[in-house]
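Comments concern the structure below.
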Amino acid sequence: MRKLFLLIVTIVFFNNFAFSVTYNSNPQIFINELVNDAIKTLSDKSISDEEKAAVISKIARENVDIKALGLYTLGNVRKTIDENILENYQNLFEKYFLKSLTSRLNDYSGNKFEVLGSDQKSSNYTIVNSKILENNNQPEIKIDWRVYTKNPNKPLIRDLVVEGLSLARTQKEEFASILNSNNNDIKVLLTKLEEFISK
Amino acid sequence: MDLKKTVLIILTFVLFQTNVLKASNECFEGISRSIFDFNMGFDKVILKPVAKAYNKLPEPIKDGTGNFTSNIATLLSIPNFVLQGNLKGAGDASASFLINSTFGVLGFGNPAGSMGLNVQKEDVGQTLGAYGVGAGCYFVMPILGPTTARDALGMITDSYIDPFSIATWREKDFLGASGNKIDYLAVKSATAVDFRGDNMTNFDSLEKNSLDLYSSMKSLYLQDRERKIQNSSETNEDDWGNLDK
């Protein structure tokens, strides 16, 4: 029994070790390593689309503050809704976010990426500046990454600012518009998220 | 009603509304959504296919077109820099236009850019914003796309102070240069096709990943205008700070 337990612990430990990539805690190096890892995965022709999506989801779950992003995106409504509905929203938001992230990354995976520098805004936030280099039909795109550094050993991405336009803010305003048009009924938003996930 | 009266009425509307309305408020959402659907249809049937074909042209032709339309747009920036009290900006824009129009062969080349003269585009909407005039309510125009009360007023005023519009749309002689409405429409169409071609992936990605494309476009338009008025890409720190409280 003891041997079996030891075996299980060893397997679990090595599985986690093998599949969990730890990136550098310096925000600039963190973004560089993470994005290049994602691009490498997405441009690898030897693995299937499902496998790619699974790897990207894993990287995102570990390195993007999806929970905070979900709360931010919901705006002030988060303060007034029932805890169970909020939990349901968070689950759906995570699935929605991962699906949309994989799709967006796929769209740009053929491009070269370069980190330019970083700017520490506060003890909680560092903005990492980067760019996607120009290719045939796509001009150069500047991307700033809002990295949450409250735990300096475990930076987390909270937003992407593409050419000065915040994706989190766009998402927040999109959700707010859906809520406003439907008497702030969160069920309508949840249904729209479900529809997107099942597409 | 003559144009002056119309402009005055719109100006009054903007000034009164900006005190009570935020840019996120809609002027007439139902109508705007219908116009947005029409614009999306126009994009699907005409603009996108033309832009796709344009993207297949050799790179020097596309670069030349982009440079040419961008050089003409610089003309509108000059009076706006002056109105904003930014004389350095006005000087840089004038120098850029002169260099590109001469050494850059009518603006098809961009030697000014190679010399570090990359001019930010300015219009009357931005100038009004720089003076503290709020955006007013938001609406969508057929073909021309998203705007706000302030930016629509700015667009009308642009045609009175933009040397290119004066010489073409208004068909008046400007420092010896003249043209007609067809020249104006040709340049504006080329600008739209070049922009659409450059943003093919961005538009497709946005369309695929939006729950409500109308709202996403509205948010992106308002953020872009805010950023251009402030001449900055800084995001609101307080917005995120509230989350951690």
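Every chain in the structure tokens has a letter given in the order shown (A, B, ...), and although residue numbers restart at 1 in each chain, ligands are simply numbered from 1 in the order shown.
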Given a cut-off of 10 Å, which residues of chain B touch chain A, counting only C-alpha atoms, written out as number ranges by chain? B: 24, 29, 52, 54-56, 58-59, 62, 197-202, 204-206, 208-224, 226-228, 232-237, 239-244
Who sits within 12 Å of region 86-92 of chain B, only C-alpha atoms, same chain under 5 positions skipped, as a count of residues only: 25
If you run DSSP on the backbone, which residues of region 95-213 of chain B are strand (DSSP E), as number ranges by chain? B: 138-141, 145-148
Which of these residues is nearest to Asn183 (chain A), using only C-alpha atoms: A:Asp37, A:Val64, A:Phe30, A:Val77? A:Val77
Applying 9 Å and only C-alpha atoms, which residues near Phe28 (chain B) remain after dropping the ones on its own chain fewer than 2 positions away? List them as an MDAnalysis selection string. chainID B and resid 26 30:33 137:139
Need the shell around Ser130 (chain A): protein/DNA/RNA residues with any atom at most 9 Å away, counting only C-alpha atoms. Skip same-chain ones fewer than 6 positions apart. Format as JSON, numbers by chain? {"A": [31, 32, 113, 114, 115, 116, 117, 118, 141, 142, 143, 144, 145]}
Would you mind exporting the chosen residues as a tab-separated table (two decimals), in the first residue's frame, restricted to all heavy atoms?
chain	number	residue	atom	x	y	z
A	31	ILE	N	6.89	37.88	-20.36
A	31	ILE	CA	6.08	38.04	-21.58
A	31	ILE	C	6.80	37.46	-22.79
A	31	ILE	O	6.22	36.75	-23.62
A	31	ILE	CB	5.74	39.53	-21.82
A	31	ILE	CG1	4.78	40.05	-20.74
A	31	ILE	CG2	5.14	39.78	-23.21
A	31	ILE	CD1	3.41	39.40	-20.73
A	32	ASN	N	8.09	37.73	-22.88
A	32	ASN	CA	8.87	37.24	-24.01
A	32	ASN	C	8.83	35.72	-24.09
A	32	ASN	O	8.53	35.14	-25.14
A	32	ASN	CB	10.32	37.75	-23.88
A	32	ASN	CG	11.08	37.58	-25.17
A	32	ASN	OD1	10.49	37.64	-26.25
A	32	ASN	ND2	12.38	37.35	-25.07
A	113	PHE	N	7.47	38.21	-33.17
A	113	PHE	CA	7.12	39.00	-31.99
A	113	PHE	C	8.41	39.52	-31.33
A	113	PHE	O	9.41	38.83	-31.28
A	113	PHE	CB	6.35	38.08	-31.04
A	113	PHE	CG	6.05	38.67	-29.70
A	113	PHE	CD1	4.98	39.55	-29.55
A	113	PHE	CD2	6.83	38.36	-28.60
A	113	PHE	CE1	4.71	40.09	-28.30
A	113	PHE	CE2	6.56	38.89	-27.36
A	113	PHE	CZ	5.50	39.76	-27.21
A	114	GLU	N	8.34	40.73	-30.81
A	114	GLU	CA	9.53	41.32	-30.18
A	114	GLU	C	9.14	42.14	-28.95
A	114	GLU	O	8.23	42.97	-29.04
A	114	GLU	CB	10.18	42.23	-31.22
A	114	GLU	CG	11.64	42.54	-30.98
A	114	GLU	CD	12.18	43.40	-32.14
A	114	GLU	OE1	12.27	42.89	-33.27
A	114	GLU	OE2	12.48	44.58	-31.89
A	115	VAL	N	9.80	41.91	-27.83
A	115	VAL	CA	9.55	42.72	-26.63
A	115	VAL	C	10.48	43.94	-26.68
A	115	VAL	O	11.67	43.82	-26.97
A	115	VAL	CB	9.79	41.90	-25.35
A	115	VAL	CG1	9.80	42.80	-24.12
A	115	VAL	CG2	8.72	40.83	-25.18
A	116	LEU	N	9.89	45.13	-26.42
A	116	LEU	CA	10.68	46.36	-26.56
A	116	LEU	C	11.18	46.92	-25.23
A	116	LEU	O	12.24	47.52	-25.14
A	116	LEU	CB	9.84	47.43	-27.26
A	116	LEU	CG	9.27	47.05	-28.63
A	116	LEU	CD1	8.26	48.08	-29.10
A	116	LEU	CD2	10.39	46.91	-29.65
A	117	GLY	N	10.38	46.76	-24.18
A	117	GLY	CA	10.78	47.33	-22.88
A	117	GLY	C	9.63	47.21	-21.91
A	117	GLY	O	8.61	46.58	-22.20
A	118	SER	N	9.82	47.82	-20.73
A	118	SER	CA	8.73	47.75	-19.75
A	118	SER	C	8.71	49.01	-18.89
A	118	SER	O	9.70	49.74	-18.82
A	118	SER	CB	8.89	46.51	-18.87
A	118	SER	OG	10.08	46.59	-18.13
A	141	ILE	N	2.25	45.91	-35.41
A	141	ILE	CA	1.22	46.17	-34.39
A	141	ILE	C	1.91	46.31	-33.03
A	141	ILE	O	2.66	45.42	-32.62
A	141	ILE	CB	0.19	45.02	-34.30
A	141	ILE	CG1	-0.45	44.75	-35.66
A	141	ILE	CG2	-0.88	45.33	-33.26
A	141	ILE	CD1	-1.34	43.52	-35.68
A	142	LYS	N	1.62	47.43	-32.34
A	142	LYS	CA	2.20	47.61	-31.00
A	142	LYS	C	1.26	46.98	-29.98
A	142	LYS	O	0.06	47.24	-29.99
A	142	LYS	CB	2.35	49.09	-30.70
A	142	LYS	CG	3.51	49.72	-31.43
A	142	LYS	CD	3.72	51.15	-31.00
A	142	LYS	CE	4.77	51.77	-31.91
A	142	LYS	NZ	4.43	53.08	-32.41
A	143	ILE	N	1.82	46.18	-29.10
A	143	ILE	CA	1.00	45.56	-28.05
A	143	ILE	C	1.64	45.82	-26.69
A	143	ILE	O	2.82	45.55	-26.49
A	143	ILE	CB	0.88	44.03	-28.25
A	143	ILE	CG1	0.24	43.72	-29.61
A	143	ILE	CG2	0.04	43.41	-27.13
A	143	ILE	CD1	0.07	42.25	-29.90
A	144	ASP	N	0.85	46.39	-25.77
A	144	ASP	CA	1.31	46.56	-24.39
A	144	ASP	C	0.59	45.53	-23.52
A	144	ASP	O	-0.62	45.32	-23.67
A	144	ASP	CB	0.98	47.97	-23.87
A	144	ASP	CG	1.77	49.03	-24.63
A	144	ASP	OD1	2.82	48.68	-25.22
A	144	ASP	OD2	1.34	50.19	-24.64
A	145	TRP	N	1.34	44.92	-22.62
A	145	TRP	CA	0.79	43.88	-21.76
A	145	TRP	C	0.69	44.44	-20.34
A	145	TRP	O	1.70	44.89	-19.80
A	145	TRP	CB	1.69	42.65	-21.74
A	145	TRP	CG	1.97	42.09	-23.10
A	145	TRP	CD1	2.79	42.62	-24.04
A	145	TRP	CD2	1.40	40.91	-23.67
A	145	TRP	NE1	2.78	41.84	-25.18
A	145	TRP	CE2	1.95	40.78	-24.97
A	145	TRP	CE3	0.51	39.94	-23.22
A	145	TRP	CZ2	1.62	39.73	-25.81
A	145	TRP	CZ3	0.19	38.89	-24.06
A	145	TRP	CH2	0.74	38.80	-25.34
Test item: residues at most 7 Å from Tyr89 (chain A), only C-alpha atoms, excluding those fewer than 4 positions along its chain, as number ranges by chain: A: 85, 93, 190
Return as a ChimeraX atom specification the full set of residues in region 62-232 of chain B whose backbone-based DSSP assignment is helix (DSSP H, G or I). /B:62-83,87-102,111-114,124-130,149-161,163-167,181-198,200-209,213-230
Option closest in space to Ser165 (chain B), from B:Lys181, B:Arg150, B:Arg225, B:Lys48 [counting only C-alpha atoms]: B:Lys181
